[in-house]
Amino acid sequence: MIVVRVVQTGDVDALVALAQETGPGLTTFKPDREALAARIERTRRTLAGEASQGEAGYFFVMEDTATGDVAGVCGIETAVGLQQPFYNYRVSTVVHASQDLGIWTRMRALNISHDLTGYAEVCSLFLSPRYRTGGMGGLLSRSRFMFIAQFRERFPERICAELRGHFDAEGTSPFWRAVGSHFYQIDFNAADYLSSHGRKAFLAELMPRFPVYVELLPEDAQACVGLTHADTVPARRMLEAEGLRYENHVDIFDAGPVLECHTSDLRTARESVVVPVRIGTQEAQEGVRSLVSNTSLTDFRVGFAPGVVHDGVFTLSAQEAAALNVAEGEPVRVLSAAHKPRQG
């Protein structure tokens with residue numbers, strides 16, 4: 001069974017190997033052993049109640065329980081911007097008009113913003129190409145919302161997600177080339193690395209002090225504002241299905257969109273239910289399966305299982321129950337019912 005679970009100390013080697021498969025722009029998951037070990041420890045401290053609000057965060061791995069292979073990762077930051085600034089550009093509209101000449105112009109302007117400070121953030125989503133089939137991306141993405149739904153008291157009123165922006169065929173961000181490179185005087189990957197390691201003082205010191213007029217940028221850079229990286233489009237669709245929306249905030253490096261919503265509006269928070277588990281044989285329903293998690297904080301596990309809630313219980317096979325670490329009669333959270341995608 002494929003499950004998403006809380007990260008463990010012994011996962012660090014597998015995480016370093018998995019991070020080697022990522023490309024540019026995934027700021028929060030780099031192949032850095034020290035940083036990954038620190039993130040695992042931070043997750044442990046958060047679960048133990050030892051982390052401050054600004055430090056708290058969770059990290060999860062997708063594991064094939066049959067082989068032990070780590071196939072993907074995802075994370076949640078509890079409250080961004082409390083320890084390190086959380087910068088974005090806010091995209092606003094500026095209108096210039098002359099009544100005498102009968103002329104008016106409307107332009108987009110990018111303004112440095114701290115609007116999202118204190119939001120929870122879903123982040124670090126990466127799935128190995130080896131597992132990009134059978135709805136595994138949906139499982140990985142939605143696992144975070146199952147965790148939030150189960151432990152709602154641990155999260156603030158609003159939540160966001162920064163998505164990777166557009167890169168050209170040469171692996172370069174046209175927006176970075178037109179804007180960031182002139183102010184920071186280092187390449188994208190160097191700036192990305194410093195930011196991902198918490199060294200963000202250079203952003204405040206070097207970032208533009210005044211609005212950036214989008215229409216004054218080269219056309220390829222203009223087109224990047226709010227544009228999602230091709231590899232990240234499926235993740236965006238899943239987040240939008242969950243209830244997050246683009247509200248005119250973009251990343252300061254690559255201008256990728258930031259999606260946001262009220263935490264209580266998340267589909268999983270609204271529609272999932274907690275019911276007892278029965279271990280046995282689920283009545284077959286062609287193409288129907290549900291997202292099922294246990295309710296343990298420190299050993300949270302979630303995966304797909306066939307069927308739906310019936311007569312107030314959900315039925316798992318013995319193998320599925322073992323993979324989710326639940327016993328007969330124990331509670332499980334269920335989001336019914338996801339239709340299994342066709343293969344191809």
# chains A, B, ... in the order shown; residues from 1 in each chain; ligands from 1
call {"tool": "closest_atom_pairs", "arguments": {"of": "segment 255-285 of chain A", "to": "segment 117-134 of chain A", "cutoff": "10 Å", "atoms": "only C-alpha atoms", "output": "tab-separated table"}}
result
residue	atom	partner	partner_atom	distance
A:Leu259	CA	A:Glu121	CA	9.7
A:Glu260	CA	A:Glu121	CA	8.8
A:Cys261	CA	A:Tyr119	CA	9.7
A:His262	CA	A:Tyr119	CA	9.5
A:Thr263	CA	A:Ala120	CA	8.6
call {"tool": "closest_atom_pairs", "arguments": {"of": "segment 214-255 of chain A", "to": "segment 266-270 of chain A", "cutoff": "8 Å", "atoms": "only C-alpha atoms", "output": "Markdown table"}}
result
| residue | atom | partner | partner_atom | distance |
| --- | --- | --- | --- | --- |
| A:Ala241 | CA | A:Arg267 | CA | 7.7 |
| A:Glu242 | CA | A:Arg267 | CA | 5.0 |
| A:Gly243 | CA | A:Leu266 | CA | 5.4 |
| A:Leu244 | CA | A:Leu266 | CA | 7.5 |
call {"tool": "closest_residue", "arguments": {"among": "A:Cys74, A:Val16, A:Ile279, A:Ala48", "to": "Arg142 of chain A", "atoms": "only C-alpha atoms"}}
result
A:Cys74
call {"tool": "closest_residue", "arguments": {"among": "A:Gly329, A:Gly54, A:Gly280, A:Gly226", "to": "Phe86 of chain A", "atoms": "only C-alpha atoms"}}
result
A:Gly54
call {"tool": "closest_residue", "arguments": {"among": "A:Gly138, A:Pro218, A:Pro276, A:Gly81", "to": "Met62 of chain A", "atoms": "only C-alpha atoms"}}
result
A:Gly138
call {"tool": "residues_around", "arguments": {"residues": "segment 5-10 of chain A", "least_positions_apart": "5", "cutoff": "9 Å", "atoms": "only C-alpha atoms", "output": "ChimeraX atom specification"}}
result
/A:37,40-41,43-44,58-63,73,143,297-302,324
call {"tool": "atom_distance", "arguments": {"atom1": "atom CA of Asp32 of chain A", "atom2": "atom CA of Ile148 of chain A"}}
result
27.2 Å
call {"tool": "select_by_dssp", "arguments": {"residues": "segment 111-154 of chain A", "states": "strand (DSSP E)", "output": "list of chain:residue names"}}
result
A:Asn111, A:Ile112, A:Ser113, A:Ala120, A:Glu121, A:Val122, A:Cys123, A:Ser124, A:Leu125, A:Phe126, A:Leu127
call {"tool": "closest_residue", "arguments": {"among": "A:Cys224, A:Ala149, A:Ser113, A:Val233", "to": "Phe210 of chain A", "atoms": "only C-alpha atoms"}}
result
A:Ser113
call {"tool": "closest_residue", "arguments": {"among": "A:Leu82, A:Leu239, A:Val214, A:Ala38", "to": "Arg106 of chain A", "atoms": "only C-alpha atoms"}}
result
A:Val214
call {"tool": "closest_residue", "arguments": {"among": "A:Val179, A:Leu47, A:Ala255, A:Val326", "to": "His166 of chain A", "atoms": "only C-alpha atoms"}}
result
A:Ala255
call {"tool": "residues_around", "arguments": {"residues": "Gln20 of chain A", "least_positions_apart": "6", "cutoff": "10 Å", "atoms": "only C-alpha atoms", "output": "VMD selection string"}}
result
chain A and resid 29 to 32
call {"tool": "atom_distance", "arguments": {"atom1": "atom CA of Val313 of chain A", "atom2": "atom CA of Pro331 of chain A"}}
result
9.1 Å
call {"tool": "atom_distance", "arguments": {"atom1": "atom CA of Ala79 of chain A", "atom2": "atom CA of Gly57 of chain A"}}
result
8.2 Å
call {"tool": "select_by_dssp", "arguments": {"residues": "segment 83-274 of chain A", "states": "alpha helix (DSSP H)", "output": "MDAnalysis selection string"}}
result
chainID A and resid 136:150 174:175 181:184 188:196 201:206 219:222 233:242 267:271
call {"tool": "decode", "arguments": {"residues": "segment 130-168 of chain A", "atoms": "C-alpha atoms", "output": "PDB file, in the first residue's frame"}}
result
ATOM      1  CA  ARG A 130       8.401   6.972 -11.001  1.00  0.00           C
ATOM      2  CA  TYR A 131       5.128   7.337  -9.067  1.00  0.00           C
ATOM      3  CA  ARG A 132       3.258   9.924 -11.139  1.00  0.00           C
ATOM      4  CA  THR A 133       0.358   7.634 -11.961  1.00  0.00           C
ATOM      5  CA  GLY A 134      -2.791   6.252 -10.401  1.00  0.00           C
ATOM      6  CA  GLY A 135      -3.667   9.416  -8.479  1.00  0.00           C
ATOM      7  CA  MET A 136      -0.536   9.370  -6.304  1.00  0.00           C
ATOM      8  CA  GLY A 137      -0.089  13.125  -6.764  1.00  0.00           C
ATOM      9  CA  GLY A 138      -3.582  13.661  -5.397  1.00  0.00           C
ATOM     10  CA  LEU A 139      -2.874  11.451  -2.405  1.00  0.00           C
ATOM     11  CA  LEU A 140       0.328  13.320  -1.620  1.00  0.00           C
ATOM     12  CA  SER A 141      -1.241  16.760  -1.938  1.00  0.00           C
ATOM     13  CA  ARG A 142      -4.467  15.968  -0.073  1.00  0.00           C
ATOM     14  CA  SER A 143      -2.686  14.172   2.770  1.00  0.00           C
ATOM     15  CA  ARG A 144      -1.791  17.583   4.215  1.00  0.00           C
ATOM     16  CA  PHE A 145      -5.422  18.642   4.253  1.00  0.00           C
ATOM     17  CA  MET A 146      -6.426  15.424   5.989  1.00  0.00           C
ATOM     18  CA  PHE A 147      -3.857  16.264   8.675  1.00  0.00           C
ATOM     19  CA  ILE A 148      -5.152  19.840   8.966  1.00  0.00           C
ATOM     20  CA  ALA A 149      -8.752  18.604   9.178  1.00  0.00           C
ATOM     21  CA  GLN A 150      -7.837  16.166  11.953  1.00  0.00           C
ATOM     22  CA  PHE A 151      -5.805  18.680  13.968  1.00  0.00           C
ATOM     23  CA  ARG A 152      -7.609  21.899  13.074  1.00  0.00           C
ATOM     24  CA  GLU A 153      -6.721  23.571  16.399  1.00  0.00           C
ATOM     25  CA  ARG A 154      -3.042  23.568  15.408  1.00  0.00           C
ATOM     26  CA  PHE A 155      -3.534  25.871  12.414  1.00  0.00           C
ATOM     27  CA  PRO A 156      -4.513  29.526  11.845  1.00  0.00           C
ATOM     28  CA  GLU A 157      -7.550  30.909  10.048  1.00  0.00           C
ATOM     29  CA  ARG A 158      -5.938  31.271   6.613  1.00  0.00           C
ATOM     30  CA  ILE A 159      -3.690  29.089   4.493  1.00  0.00           C
ATOM     31  CA  CYS A 160      -1.616  29.622   1.336  1.00  0.00           C
ATOM     32  CA  ALA A 161       0.536  27.782  -1.181  1.00  0.00           C
ATOM     33  CA  GLU A 162       3.376  29.240  -3.277  1.00  0.00           C
ATOM     34  CA  LEU A 163       3.606  27.568  -6.671  1.00  0.00           C
ATOM     35  CA  ARG A 164       6.693  27.301  -8.822  1.00  0.00           C
ATOM     36  CA  GLY A 165       6.768  29.896 -11.592  1.00  0.00           C
ATOM     37  CA  HIS A 166       7.547  29.550 -15.285  1.00  0.00           C
ATOM     38  CA  PHE A 167      11.019  28.575 -16.541  1.00  0.00           C
ATOM     39  CA  ASP A 168      12.040  28.592 -20.184  1.00  0.00           C
TER      40      ASP A 168
END
